[in-house]
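What follows is a short report on a single structure.
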Amino acid sequence: MRYVVIVAGGAGTRLWPLSRKGTPKQLLPLIGDRSLLRMAFDRVVEVVGPERILVCTGASFADRVAAELPELPADNILGEPVGRDSLNAMAWPTAVLAARDPDATVAIVTADHVIEPEDTFRATLIEAFEVAEAEPALVTFGVVPTHPHTGYGYLWQGEALAGSATVRRVREFREKPDRQTAEQYLASGEYWWNSGMFVWRAEHFLSALATLLPDAHRIVTRLAAAPQELADLFGHLPKVSVDYAVMEPVSHGRTELAMVAVELPVQWHDIGGFASLAGQLAQDPDGNAVAGAAVLLDGADNLVVNRGADGHLVAAVGLTGHVVVHTDEITLVCPMADAERIKELVADVTDTAGDHYA
């Protein structure tokens, strides 16, 4: 059977103060009236049905996830007691599904992407399921790049699989490049953006995990059999990304599996920070993206989000290239060029004003 795991953990600190400790970005309606989690669910539910969708999230968010997705069976919400990076957010649900269904094929998607058109994504997801079921391979999605983006990782395409131009072996995972390198990648036509989404037969992924990280394999398979031990065991898992722990070694031939990518020809955006959020909101002729009550005079290329109490107005004069975010408790102002430093700011705020504002 086919299943989908939506990875919906993380604090979304780069979107603070919209995203905060108790209300992470995946549960917020940042674009339109649906939360990012709801958007991810709606993209896949037609492919597998709600009973075969799992959500892996922080344990403290489990009730919020259940309220956001009432169609989801209660035991399909897996709450991590602590964050242990992307490997374990994918390995633990895969082990759970393998215990439920030894023939499970699992798609891993995340709850912080905007993907259009959704029909194209669904068709590509079905194609990836078919590849994973037919081949001894771990499958990822290669997003066709539209510009030399320096904030994404890349996949170096290898030979076509079974004569298909849309399915290729992955020669190598490449880290986020500088501008010149990204331009070279785009010009070569040999690179796709690394989407961070995957499809695999559960038994294939777990066999690779047993080879590459046997201790992690032992813990997640134990948790699948004995969920009551979650609090005791989960924190002992290695804190490591799935790319570093599994995908890169598989692409280098360290297991018997192949690493392949299916071309994903969509508009794909990872809503990781304010720059990417601004790109998804309507902009005025001066490049200002505004959500909520705001008035800008002689301003350009700003992002202004007003989530304060009704009747509150944000007004600015002569502002260019800035982020202004107002909520009931916090107002953030920073140059867009420094938006990636918001994690540092949150740490300073916590030290100075306490956890309440985190």
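Going through the structure tokens in order, the chains are called A, B, and so on, while each chain numbers its residues from 1 and the ligands are numbered from 1 in the order shown.
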Open item on the list: For Pro117 (chain A), find every residue with an atom within 7 Å (counting only C-alpha atoms), except residues of its own chain fewer than 3 positions away, and show them as a PyMOL selection string.
Closed with: chain A and resi 120-121+266
Now that the selection is made, can you save its residues with N, CA and C atoms as a PDB file, in the first residue's frame?
```
ATOM      1  N   THR A 120      -0.078  18.738 -11.191  1.00  0.00           N
ATOM      2  CA  THR A 120       1.213  18.264 -11.688  1.00  0.00           C
ATOM      3  C   THR A 120       1.988  17.577 -10.571  1.00  0.00           C
ATOM      4  N   PHE A 121       1.937  18.148  -9.373  1.00  0.00           N
ATOM      5  CA  PHE A 121       2.608  17.511  -8.245  1.00  0.00           C
ATOM      6  C   PHE A 121       2.028  16.130  -7.984  1.00  0.00           C
ATOM      7  N   VAL A 266       7.330  22.086 -11.504  1.00  0.00           N
ATOM      8  CA  VAL A 266       6.315  22.918 -10.847  1.00  0.00           C
ATOM      9  C   VAL A 266       6.940  24.214 -10.361  1.00  0.00           C
TER      10      VAL A 266
END
```
- [ ] Find the residues near region 82-85 of chain A: any atom within 6 Å, counting only C-alpha atoms, skip ones fewer than 4 places away on the same chain, and give them as a PyMOL selection string.
- [x] chain A and resi 239-241
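Residues in contact range of Leu161 (chain A), defined as at most 12 Å between only C-alpha atoms, with sequence neighbours fewer than 6 positions away removed, read Val131, Ala134, Glu135, Pro136, Ala137, Val139, Val167, Arg168, Arg169, Val170, Ala258, Met259, Val260, Ala261, Val262 and Glu263 of chain A.
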- [ ] Report as a ChimeraX atom specification: the residues of region 93-274 of chain A with a DSSP assignment of alpha helix (DSSP H), based on the backbone of this structure.
- [x] /A:93-100,118-134,179-188,202-212,214-225,230-233,242,248-251,274
Task: Shell of 8 Å around Leu206 (chain A), only C-alpha atoms, local chain residues under 5 positions omitted, as a ChimeraX atom specification - done: /A:91,94-95,217
I need the residues from that last selection saved to file as a short mmCIF file (atom, residue, chain, number, x, y, z; two decimals), in the first residue's frame (with N, CA and C atoms), if you can.
```
data_model
loop_
_atom_site.label_atom_id
_atom_site.label_comp_id
_atom_site.auth_asym_id
_atom_site.auth_seq_id
_atom_site.Cartn_x
_atom_site.Cartn_y
_atom_site.Cartn_z
N ALA A 91 12.64 8.55 9.52
CA ALA A 91 12.93 7.15 9.82
C ALA A 91 11.91 6.56 10.78
N THR A 94 8.61 5.88 9.05
CA THR A 94 8.80 4.78 8.12
C THR A 94 8.81 3.44 8.85
N ALA A 95 9.46 3.39 10.00
CA ALA A 95 9.47 2.16 10.80
C ALA A 95 8.08 1.83 11.30
N HIS A 217 18.76 2.61 13.40
CA HIS A 217 17.84 1.59 12.92
C HIS A 217 17.27 0.79 14.10
#
```
Near-region 309-313 of chain A list (9 Å; only C-alpha atoms; drop same-chain fewer than 2 positions) as a PDB file with C-alpha atoms, in the first residue's frame:
```
ATOM      1  CA  GLY A 292      -2.884  43.615   6.959  1.00  0.00           C
ATOM      2  CA  ALA A 293      -3.565  47.301   7.564  1.00  0.00           C
ATOM      3  CA  ALA A 294      -0.558  49.360   6.456  1.00  0.00           C
ATOM      4  CA  VAL A 295       0.285  52.609   4.685  1.00  0.00           C
ATOM      5  CA  ASN A 306       0.267  43.422  10.416  1.00  0.00           C
ATOM      6  CA  ARG A 307      -1.286  40.743  12.620  1.00  0.00           C
ATOM      7  CA  ALA A 315       2.674  53.305   8.737  1.00  0.00           C
ATOM      8  CA  THR A 327       1.705  41.153  16.268  1.00  0.00           C
ATOM      9  CA  ASP A 328      -0.198  41.738  19.487  1.00  0.00           C
TER      10      ASP A 328
END
```
Task: Distance query Pro24 (chain A) at most 12 Å, only C-alpha atoms, self and fewer than 4 positions along chain excluded, as JSON, numbers by chain - done: {"A": [8, 9, 10, 11, 12, 13, 14, 15, 16, 17, 18, 19, 20, 28, 29, 30, 35, 36, 37, 57, 58, 60, 61, 62, 64, 65, 111, 112, 272, 358]}
Create the file for the chosen residues now, containing N, CA and C atoms and written as a CSV table (one decimal), in the first residue's frame.
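Output file part-v4.csv is given in full below:
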```
chain,number,residue,atom,x,y,z
A,8,ALA,N,6.1,17.8,9.8
A,8,ALA,CA,5.6,19.1,10.3
A,8,ALA,C,6.2,19.5,11.6
A,9,GLY,N,7.5,19.3,11.8
A,9,GLY,CA,8.1,19.7,13.0
A,9,GLY,C,8.8,21.0,12.8
A,10,GLY,N,9.8,21.3,13.7
A,10,GLY,CA,10.5,22.6,13.5
A,10,GLY,C,9.8,23.8,14.1
A,11,ALA,N,10.6,24.8,14.5
A,11,ALA,CA,10.0,25.9,15.2
A,11,ALA,C,9.7,27.1,14.2
A,12,GLY,N,10.3,27.1,13.0
A,12,GLY,CA,10.1,28.2,12.1
A,12,GLY,C,10.7,29.5,12.6
A,13,THR,N,11.8,29.5,13.2
A,13,THR,CA,12.3,30.6,13.9
A,13,THR,C,12.6,31.8,13.0
A,14,ARG,N,12.9,31.5,11.7
A,14,ARG,CA,13.2,32.6,10.8
A,14,ARG,C,12.0,33.4,10.4
A,15,LEU,N,10.8,32.9,10.8
A,15,LEU,CA,9.6,33.7,10.6
A,15,LEU,C,9.0,34.3,11.9
A,16,TRP,N,9.9,34.4,12.9
A,16,TRP,CA,9.5,35.0,14.1
A,16,TRP,C,9.3,36.5,13.9
A,17,PRO,N,8.3,37.2,14.5
A,17,PRO,CA,7.4,36.7,15.5
A,17,PRO,C,6.1,36.1,15.0
A,18,LEU,N,5.9,35.9,13.7
A,18,LEU,CA,4.7,35.2,13.2
A,18,LEU,C,4.7,33.8,13.8
A,19,SER,N,5.8,33.1,13.6
A,19,SER,CA,6.0,31.8,14.1
A,19,SER,C,6.7,31.8,15.4
A,20,ARG,N,6.0,31.3,16.4
A,20,ARG,CA,6.6,31.3,17.8
A,20,ARG,C,6.5,29.9,18.4
A,28,LEU,N,0.2,28.0,10.7
A,28,LEU,CA,-0.3,29.4,10.4
A,28,LEU,C,-0.8,29.6,9.0
A,29,PRO,N,-1.8,30.4,8.8
A,29,PRO,CA,-2.3,30.7,7.4
A,29,PRO,C,-1.5,31.9,6.9
A,30,LEU,N,-0.2,31.6,6.5
A,30,LEU,CA,0.7,32.6,6.1
A,30,LEU,C,0.3,33.1,4.7
A,35,SER,N,-3.6,27.0,6.5
A,35,SER,CA,-2.3,26.8,7.0
A,35,SER,C,-1.4,26.1,6.0
A,36,LEU,N,-0.1,26.2,6.2
A,36,LEU,CA,0.9,25.4,5.4
A,36,LEU,C,0.6,23.9,5.5
A,37,LEU,N,0.3,23.5,6.8
A,37,LEU,CA,0.0,22.0,7.0
A,37,LEU,C,-1.2,21.6,6.2
A,57,THR,N,5.3,15.5,14.0
A,57,THR,CA,5.4,16.8,14.5
A,57,THR,C,5.9,16.8,15.9
A,58,GLY,N,6.1,18.0,16.5
A,58,GLY,CA,6.5,18.0,17.9
A,58,GLY,C,5.3,17.6,18.8
A,60,SER,N,4.3,18.7,21.5
A,60,SER,CA,3.5,19.8,22.0
A,60,SER,C,2.5,20.3,21.0
A,61,PHE,N,2.7,20.0,19.7
A,61,PHE,CA,1.8,20.5,18.6
A,61,PHE,C,0.7,19.4,18.2
A,62,ALA,N,0.8,18.3,18.8
A,62,ALA,CA,-0.1,17.2,18.4
A,62,ALA,C,-1.6,17.5,18.4
A,64,ARG,N,-2.9,20.5,18.3
A,64,ARG,CA,-3.2,21.5,17.2
A,64,ARG,C,-3.3,20.9,15.8
A,65,VAL,N,-2.4,19.9,15.6
A,65,VAL,CA,-2.4,19.2,14.3
A,65,VAL,C,-3.8,18.4,14.2
A,111,ALA,N,5.8,20.3,5.4
A,111,ALA,CA,4.6,21.1,5.6
A,111,ALA,C,5.0,22.6,5.4
A,112,ASP,N,6.1,22.9,4.8
A,112,ASP,CA,6.4,24.3,4.6
A,112,ASP,C,6.7,24.7,3.1
A,272,GLY,N,10.8,29.3,4.0
A,272,GLY,CA,11.7,29.2,5.1
A,272,GLY,C,12.0,30.5,5.8
A,358,ALA,N,9.6,34.0,22.9
A,358,ALA,CA,10.3,33.1,21.9
A,358,ALA,C,9.2,32.5,21.0
```
Open item on the list: If DSSP is run on the backbone, what residues of region 17-254 of chain A are strand (DSSP E)? A reply as a count of residues only would be ideal.
Closed with: 57
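Interatomic distance, CA of Met247 (chain A) to CA of Val55 (chain A): 21.5 Å.
Here the question is which of A:Leu138, A:Ala182, A:Ile6, A:Ile31 gets nearest to Ala282 (chain A) using only C-alpha atoms, and that residue is A:Ile31.
The interatomic distance for the pair CA of Leu233 (chain A) and CA of Ala89 (chain A) works out to 14.0 Å.
Checking A:Gly142, A:Pro50, A:Gly354, A:Gly22 one by one against Met197 (chain A), counting only C-alpha atoms, you find the shortest gap at A:Gly142.
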TODO: Report the distance between CA of Val242 (chain A) and CA of Glu68 (chain A) in Å, rounded to one decimal place.
DONE: 26.9 Å
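Each of A:Trp200, A:Trp192, A:Trp92, A:Phe234 was checked against Tyr3 (chain A) using only C-alpha atoms; the smallest atom-to-atom distance is that of A:Trp200.
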Task: Counting only C-alpha atoms, the residue of A:Leu72, A:Leu87, A:Val45, A:Leu264 that sits nearest Thr140 (chain A) - done: A:Leu264
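Ranking A:Gly196, A:Pro227, A:Gly32, A:Pro214 by their shortest atom-to-atom distance to Leu78 (chain A), with only C-alpha atoms included, puts A:Pro227 first.
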